[in-house]
Amino acid sequence: MTTERTAGWAERAVREAGGPAGTATREEEVLLRIERARGRRARVREERITLAHGAGGSASHTLVEAVFVDAFRNPILEPLGDGAVLEVGGGRLAFSTDSFVVFPLFFPGGDIGDLAVNGTVNDLAVCGARPLYLSAGFILEEGFPVADLRRIAGSMAAAAARAGVHVVTGDTKVVERGKADGCYVTTAGVGVLERETELTPSAIRPGDAVIVSGPIGEHGVTIMISRGELDIEADLASDTAPLNGVVAALLDAVPGVRVLRDATRGGVATVLNELARAARLGIVLEESAVPVRSVVNGACELLGIDPLYVACEGRFVAVVDGEQAGRALEALRGHPLGAEAAVVGRVRAEAPGLVLLDTAFGGTRIVDMLVGDPLPRIC
């Protein structure tokens, strides 16, 4: 997003308010400063990697853009979606990869095995693809129990069966005791795009509806509670699940789906910031419309974080034609994984590149990219 575009918006806002061109209110000056900072070329200021670089927020984006995009730059990579869309033999494929270092390895609702399968299946699904095949790579620490490895492999097999995919290739490495944390898993996947619909932020228009497929933040909070770091006992489980079925139901029913994103690291807030910046449009959320379970809210209050930034592993964000929002909700709620879907906001032309939240107290605040890593190693 260019500073000039945002500056033009701010000056228009001043004129509409009756002020002279070239002047701005304190709020507009803050927005301009944010956009000027965003417009600078990405540069990693730290000399060493920190946990924040893996959190999915602003530090992660800076690292990816300043190091990896800069090194591997090409038109397929640069959109930085959940997966790459490839033209192969007259057809279209989606390709994605992800690594999983969650701690603990086993938690209520799942483990690192089904998390690894579901994570890659979901990345392919939100590209609009039907997932087909996965690879699985394991980094194992010397001394890791074979029984635990069998349990993880069994979870992966069961998750693959639920999603209708096959694990067809892989690799295993073992490192010395103390050089890893038991088991890390990397999965990559391939899926086929069978619809003509192109899901891209460039398709987003003012008036579009923003939908989340269900209550947010459950995976991240489940992981924190299972670590025993919070004095909380709660009936809460990770939302990890394969989303390809519910995504297909939405795409089959609603031609006006603009874009889909998997709300994992950085949560819903980070996803919406990515979309607002890419589309050069503003997004306004209604706090009271965001579905969050009370136990998640309570845990987030103890941690001092916003549920909007907490990772999900079985939820996605959809931006759809505003006039088709009702049809989209009907399609989602007809599937068990979309039963609690909700419209949480709208797209507007004003404040391009920014996500704003209309709070329950009647105010409005900026929802920016996640800074730091309040919940490390949740996936």
# chains A, B, ... in the order shown; residues from 1 in each chain; ligands from 1
>>> residues_around(residues="segment 253-259 of chain A", least_positions_apart="4", cutoff="8 Å", atoms="only C-alpha atoms", output="compact mmCIF listing (two decimals) with N, CA, C and O atoms, in the first residue's frame")
# COMPACT_ATOMS: atom_id res chain seq x y z
N VAL A 126 -8.22 -23.81 1.84
CA VAL A 126 -8.52 -22.38 1.71
C VAL A 126 -7.95 -21.79 0.43
O VAL A 126 -8.26 -20.64 0.08
N THR A 197 -13.36 -20.53 -9.80
CA THR A 197 -13.25 -19.39 -8.88
C THR A 197 -11.80 -19.17 -8.49
O THR A 197 -11.08 -20.10 -8.10
N GLU A 198 -11.36 -17.91 -8.57
CA GLU A 198 -10.02 -17.55 -8.12
C GLU A 198 -10.15 -16.79 -6.81
O GLU A 198 -10.75 -15.72 -6.74
N LEU A 199 -9.60 -17.37 -5.75
CA LEU A 199 -9.69 -16.77 -4.43
C LEU A 199 -8.46 -15.90 -4.20
O LEU A 199 -7.34 -16.40 -4.09
N THR A 200 -8.67 -14.60 -4.14
CA THR A 200 -7.55 -13.67 -4.03
C THR A 200 -7.99 -12.39 -3.35
O THR A 200 -9.13 -11.93 -3.55
N PRO A 201 -7.13 -11.77 -2.55
CA PRO A 201 -7.49 -10.50 -1.91
C PRO A 201 -7.86 -9.41 -2.90
O PRO A 201 -8.62 -8.50 -2.56
N ALA A 203 -9.84 -9.55 -5.19
CA ALA A 203 -11.26 -9.63 -5.52
C ALA A 203 -12.15 -8.96 -4.47
O ALA A 203 -13.34 -8.76 -4.70
N ILE A 204 -11.58 -8.60 -3.33
CA ILE A 204 -12.38 -8.01 -2.24
C ILE A 204 -12.88 -6.63 -2.66
O ILE A 204 -12.16 -5.84 -3.28
N ALA A 249 -18.39 -27.04 0.91
CA ALA A 249 -19.81 -26.71 1.02
C ALA A 249 -20.05 -25.23 0.77
O ALA A 249 -21.02 -24.84 0.10
N ALA A 318 -13.56 -16.05 5.94
CA ALA A 318 -14.04 -15.91 4.57
C ALA A 318 -14.48 -14.48 4.34
O ALA A 318 -15.12 -13.87 5.22
N VAL A 319 -14.13 -13.93 3.20
CA VAL A 319 -14.69 -12.66 2.76
C VAL A 319 -15.58 -12.97 1.57
O VAL A 319 -15.13 -13.58 0.59
N VAL A 320 -16.85 -12.59 1.67
CA VAL A 320 -17.83 -12.93 0.63
C VAL A 320 -18.59 -11.68 0.21
O VAL A 320 -18.65 -10.68 0.95
N ASP A 321 -19.16 -11.72 -0.98
CA ASP A 321 -20.04 -10.66 -1.45
C ASP A 321 -21.07 -10.37 -0.37
O ASP A 321 -21.74 -11.28 0.13
N GLN A 324 -24.43 -11.87 -0.46
CA GLN A 324 -24.51 -13.33 -0.35
C GLN A 324 -24.13 -13.82 1.05
O GLN A 324 -23.94 -15.02 1.26
N ARG A 327 -26.58 -16.45 2.48
CA ARG A 327 -26.41 -17.75 1.84
C ARG A 327 -25.14 -18.44 2.34
O ARG A 327 -25.12 -19.66 2.55
N ALA A 328 -24.10 -17.65 2.56
CA ALA A 328 -22.84 -18.22 3.06
C ALA A 328 -23.03 -18.79 4.47
O ALA A 328 -22.57 -19.90 4.77
N ALA A 331 -24.91 -22.07 4.29
CA ALA A 331 -24.07 -23.17 3.83
C ALA A 331 -23.12 -23.64 4.93
O ALA A 331 -22.92 -24.84 5.14
>>> select_by_dssp(residues="segment 200-371 of chain A", states="alpha helix (DSSP H)", output="ChimeraX atom specification")
/A:218-226,244-253,267-279,294-303,325-333
>>> write_last_selection(atoms="N, CA and C atoms", output="compact mmCIF listing (two decimals), in the first residue's frame")
# COMPACT_ATOMS: atom_id res chain seq x y z
N GLU A 218 -9.61 -21.30 20.45
CA GLU A 218 -9.69 -22.49 21.29
C GLU A 218 -8.40 -23.31 21.27
N HIS A 219 -7.75 -23.39 20.14
CA HIS A 219 -6.53 -24.20 20.09
C HIS A 219 -5.43 -23.57 20.95
N GLY A 220 -5.16 -22.30 20.74
CA GLY A 220 -4.08 -21.66 21.49
C GLY A 220 -4.30 -21.71 22.99
N VAL A 221 -5.51 -21.46 23.45
CA VAL A 221 -5.79 -21.50 24.88
C VAL A 221 -5.70 -22.92 25.41
N THR A 222 -6.16 -23.90 24.65
CA THR A 222 -6.05 -25.30 25.07
C THR A 222 -4.60 -25.68 25.31
N ILE A 223 -3.71 -25.27 24.41
CA ILE A 223 -2.29 -25.58 24.55
C ILE A 223 -1.74 -24.95 25.82
N MET A 224 -2.07 -23.70 26.07
CA MET A 224 -1.55 -23.02 27.26
C MET A 224 -2.05 -23.70 28.53
N ILE A 225 -3.32 -24.07 28.58
CA ILE A 225 -3.86 -24.73 29.77
C ILE A 225 -3.20 -26.10 29.97
N SER A 226 -2.97 -26.82 28.87
CA SER A 226 -2.39 -28.16 28.99
C SER A 226 -0.94 -28.13 29.43
N ASN A 244 -11.58 -29.15 4.73
CA ASN A 244 -11.88 -29.25 3.30
C ASN A 244 -13.36 -29.50 3.02
N GLY A 245 -14.04 -30.22 3.90
CA GLY A 245 -15.46 -30.47 3.68
C GLY A 245 -16.32 -29.23 3.82
N VAL A 246 -16.11 -28.48 4.89
CA VAL A 246 -16.92 -27.27 5.10
C VAL A 246 -16.57 -26.19 4.08
N VAL A 247 -15.31 -26.10 3.69
CA VAL A 247 -14.93 -25.13 2.66
C VAL A 247 -15.60 -25.49 1.33
N ALA A 248 -15.61 -26.77 0.98
CA ALA A 248 -16.26 -27.19 -0.26
C ALA A 248 -17.74 -26.86 -0.24
N ALA A 249 -18.39 -27.04 0.91
CA ALA A 249 -19.81 -26.71 1.02
C ALA A 249 -20.05 -25.23 0.77
N LEU A 250 -19.17 -24.39 1.30
CA LEU A 250 -19.30 -22.95 1.09
C LEU A 250 -19.08 -22.58 -0.38
N LEU A 251 -18.04 -23.11 -0.98
CA LEU A 251 -17.72 -22.76 -2.37
C LEU A 251 -18.78 -23.27 -3.34
N ASP A 252 -19.38 -24.41 -3.03
CA ASP A 252 -20.43 -24.95 -3.90
C ASP A 252 -21.70 -24.11 -3.83
N ALA A 253 -21.95 -23.50 -2.68
CA ALA A 253 -23.21 -22.77 -2.48
C ALA A 253 -23.12 -21.29 -2.80
N GLY A 267 -3.72 -15.58 14.61
CA GLY A 267 -5.15 -15.50 14.77
C GLY A 267 -5.89 -14.74 13.70
N VAL A 268 -7.16 -14.47 13.98
CA VAL A 268 -8.04 -13.77 13.04
C VAL A 268 -7.52 -12.36 12.76
N ALA A 269 -6.99 -11.71 13.77
CA ALA A 269 -6.52 -10.33 13.59
C ALA A 269 -5.42 -10.24 12.54
N THR A 270 -4.48 -11.17 12.59
CA THR A 270 -3.37 -11.13 11.62
C THR A 270 -3.87 -11.44 10.22
N VAL A 271 -4.77 -12.42 10.09
CA VAL A 271 -5.34 -12.74 8.78
C VAL A 271 -6.01 -11.51 8.18
N LEU A 272 -6.81 -10.81 8.96
CA LEU A 272 -7.54 -9.65 8.43
C LEU A 272 -6.60 -8.51 8.09
N ASN A 273 -5.53 -8.33 8.84
CA ASN A 273 -4.55 -7.31 8.48
C ASN A 273 -3.89 -7.64 7.16
N GLU A 274 -3.56 -8.91 6.96
CA GLU A 274 -2.98 -9.32 5.68
C GLU A 274 -3.93 -9.01 4.52
N LEU A 275 -5.20 -9.32 4.70
CA LEU A 275 -6.17 -9.10 3.63
C LEU A 275 -6.42 -7.62 3.39
N ALA A 276 -6.53 -6.84 4.45
CA ALA A 276 -6.76 -5.40 4.29
C ALA A 276 -5.60 -4.74 3.54
N ARG A 277 -4.39 -5.13 3.88
CA ARG A 277 -3.22 -4.55 3.21
C ARG A 277 -3.17 -4.97 1.74
N ALA A 278 -3.40 -6.25 1.50
CA ALA A 278 -3.33 -6.75 0.13
C ALA A 278 -4.42 -6.15 -0.75
N ALA A 279 -5.62 -5.97 -0.19
CA ALA A 279 -6.74 -5.44 -0.96
C ALA A 279 -6.75 -3.92 -1.02
N SER A 294 -16.60 -18.42 26.65
CA SER A 294 -16.29 -17.72 27.89
C SER A 294 -14.97 -18.18 28.50
N VAL A 295 -14.66 -19.48 28.41
CA VAL A 295 -13.41 -19.96 28.98
C VAL A 295 -12.21 -19.40 28.22
N VAL A 296 -12.35 -19.22 26.92
CA VAL A 296 -11.27 -18.61 26.13
C VAL A 296 -11.11 -17.15 26.52
N ASN A 297 -12.22 -16.44 26.66
CA ASN A 297 -12.15 -15.05 27.09
C ASN A 297 -11.48 -14.93 28.45
N GLY A 298 -11.86 -15.81 29.38
CA GLY A 298 -11.30 -15.74 30.72
C GLY A 298 -9.80 -16.00 30.73
N ALA A 299 -9.36 -17.01 29.97
CA ALA A 299 -7.93 -17.31 29.91
C ALA A 299 -7.16 -16.16 29.27
N CYS A 300 -7.73 -15.56 28.23
CA CYS A 300 -7.06 -14.44 27.56
C CYS A 300 -6.94 -13.24 28.49
N GLU A 301 -7.95 -13.02 29.34
CA GLU A 301 -7.86 -11.93 30.30
C GLU A 301 -6.72 -12.17 31.29
N LEU A 302 -6.56 -13.42 31.74
CA LEU A 302 -5.46 -13.75 32.64
C LEU A 302 -4.10 -13.53 31.97
N LEU A 303 -4.01 -13.87 30.69
CA LEU A 303 -2.76 -13.73 29.95
C LEU A 303 -2.51 -12.31 29.46
N ALA A 325 -24.03 -12.91 2.01
CA ALA A 325 -23.62 -13.30 3.36
C ALA A 325 -24.61 -14.28 3.98
N GLY A 326 -25.90 -14.06 3.80
CA GLY A 326 -26.89 -14.96 4.35
C GLY A 326 -26.78 -16.36 3.79
N ARG A 327 -26.58 -16.45 2.48
CA ARG A 327 -26.41 -17.75 1.84
C ARG A 327 -25.14 -18.44 2.34
N ALA A 328 -24.10 -17.65 2.56
CA ALA A 328 -22.84 -18.22 3.06
C ALA A 328 -23.03 -18.79 4.47
N LEU A 329 -23.71 -18.05 5.34
CA LEU A 329 -23.96 -18.55 6.69
C LEU A 329 -24.79 -19.83 6.66
N GLU A 330 -25.78 -19.87 5.79
CA GLU A 330 -26.62 -21.05 5.68
C GLU A 330 -25.80 -22.27 5.26
N ALA A 331 -24.91 -22.07 4.29
CA ALA A 331 -24.07 -23.17 3.83
C ALA A 331 -23.12 -23.64 4.93
N LEU A 332 -22.51 -22.70 5.64
CA LEU A 332 -21.57 -23.05 6.70
C LEU A 332 -22.27 -23.75 7.85
N ARG A 333 -23.42 -23.21 8.27
CA ARG A 333 -24.11 -23.77 9.42
C ARG A 333 -24.75 -25.13 9.13
>>> residues_around(residues="segment 168-170 of chain A", least_positions_apart="3", cutoff="12 Å", atoms="only C-alpha atoms", output="tab-separated table (two decimals) with N, CA and C atoms, in the first residue's frame")
chain	number	residue	atom	x	y	z
A	132	LEU	N	-5.23	-33.92	-1.83
A	132	LEU	CA	-5.08	-35.29	-2.31
A	132	LEU	C	-3.98	-36.05	-1.58
A	133	TYR	N	-2.76	-35.52	-1.60
A	133	TYR	CA	-1.60	-36.27	-1.12
A	133	TYR	C	-0.74	-35.41	-0.20
A	134	LEU	N	-0.16	-36.07	0.82
A	134	LEU	CA	0.73	-35.41	1.76
A	134	LEU	C	2.06	-36.13	1.84
A	135	SER	N	3.08	-35.38	2.20
A	135	SER	CA	4.34	-35.97	2.64
A	135	SER	C	4.49	-35.69	4.13
A	136	ALA	N	5.34	-36.47	4.80
A	136	ALA	CA	5.56	-36.27	6.23
A	136	ALA	C	7.03	-36.47	6.56
A	137	GLY	N	7.63	-35.45	7.16
A	137	GLY	CA	9.02	-35.52	7.60
A	137	GLY	C	9.09	-35.44	9.12
A	138	PHE	N	9.90	-36.30	9.73
A	138	PHE	CA	10.02	-36.35	11.18
A	138	PHE	C	11.45	-36.06	11.61
A	139	ILE	N	11.61	-35.17	12.57
A	139	ILE	CA	12.89	-34.98	13.25
A	139	ILE	C	12.70	-35.48	14.67
A	157	ALA	N	-2.57	-41.06	10.61
A	157	ALA	CA	-3.31	-41.95	9.71
A	157	ALA	C	-4.81	-41.72	9.84
A	160	ALA	N	-5.72	-38.34	8.28
A	160	ALA	CA	-5.68	-38.42	6.82
A	160	ALA	C	-6.92	-39.11	6.29
A	165	VAL	N	-7.30	-37.93	2.41
A	165	VAL	CA	-5.99	-37.78	1.76
A	165	VAL	C	-5.12	-38.98	2.11
A	173	LYS	N	14.69	-38.16	10.37
A	173	LYS	CA	16.03	-37.86	10.86
A	173	LYS	C	16.03	-37.97	12.37
A	185	VAL	N	7.46	-32.35	13.31
A	185	VAL	CA	6.87	-32.93	12.09
A	185	VAL	C	6.71	-31.84	11.03
A	186	THR	N	7.08	-32.17	9.81
A	186	THR	CA	6.83	-31.29	8.67
A	186	THR	C	5.96	-32.03	7.66
A	187	THR	N	4.89	-31.39	7.22
A	187	THR	CA	4.05	-31.98	6.18
A	187	THR	C	3.96	-31.04	5.00
A	188	ALA	N	3.89	-31.61	3.82
A	188	ALA	CA	3.61	-30.85	2.60
A	188	ALA	C	2.46	-31.55	1.90
A	189	GLY	N	1.71	-30.80	1.10
A	189	GLY	CA	0.55	-31.39	0.46
A	189	GLY	C	0.28	-30.84	-0.92
A	190	VAL	N	-0.42	-31.65	-1.71
A	190	VAL	CA	-0.83	-31.26	-3.06
A	190	VAL	C	-2.32	-31.48	-3.18
>>> closest_residue(among="A:Val64, A:Ala158, A:Ala116, A:Leu285", to="Glu313 of chain A", atoms="only C-alpha atoms")
A:Ala116
>>> residues_around(residues="Pro291 of chain A", least_positions_apart="4", cutoff="7 Å", atoms="only C-alpha atoms", output="list in words")
Gly214, Pro215 and Ile216 of chain A
>>> atom_distance(atom1="atom CA of Glu176 of chain A", atom2="atom CA of Ala153 of chain A")
21.4 Å
>>> residues_around(residues="Val317 of chain A", least_positions_apart="6", cutoff="8 Å", atoms="only C-alpha atoms", output="ChimeraX atom specification")
/A:210-213,260-263,268,271
>>> closest_residue(among="A:Ile49, A:Ala234, A:Val167, A:Ala42", to="His61 of chain A", atoms="only C-alpha atoms")
A:Ala42
>>> closest_residue(among="A:Asp123, A:Pro108, A:Arg43, A:Leu236", to="Ser58 of chain A", atoms="only C-alpha atoms")
A:Arg43
>>> atom_distance(atom1="atom CA of Leu51 of chain A", atom2="atom CA of Gly217 of chain A")
19.6 Å
>>> select_by_dssp(residues="segment 81-169 of chain A", states="strand (DSSP E)", output="PyMOL selection string")
chain A and resi 84-88+91-100+106-107+110-111+130-141+166-169
>>> atom_distance(atom1="atom CA of Val44 of chain A", atom2="atom CA of Tyr184 of chain A")
26.0 Å
>>> closest_residue(among="A:Ala349, A:Leu93, A:Leu357, A:Ala71", to="Ala289 of chain A", atoms="only C-alpha atoms")
A:Leu357
>>> closest_residue(among="A:Ala159, A:Leu370, A:Ile232, A:Ala147", to="Ser60 of chain A", atoms="only C-alpha atoms")
A:Leu370
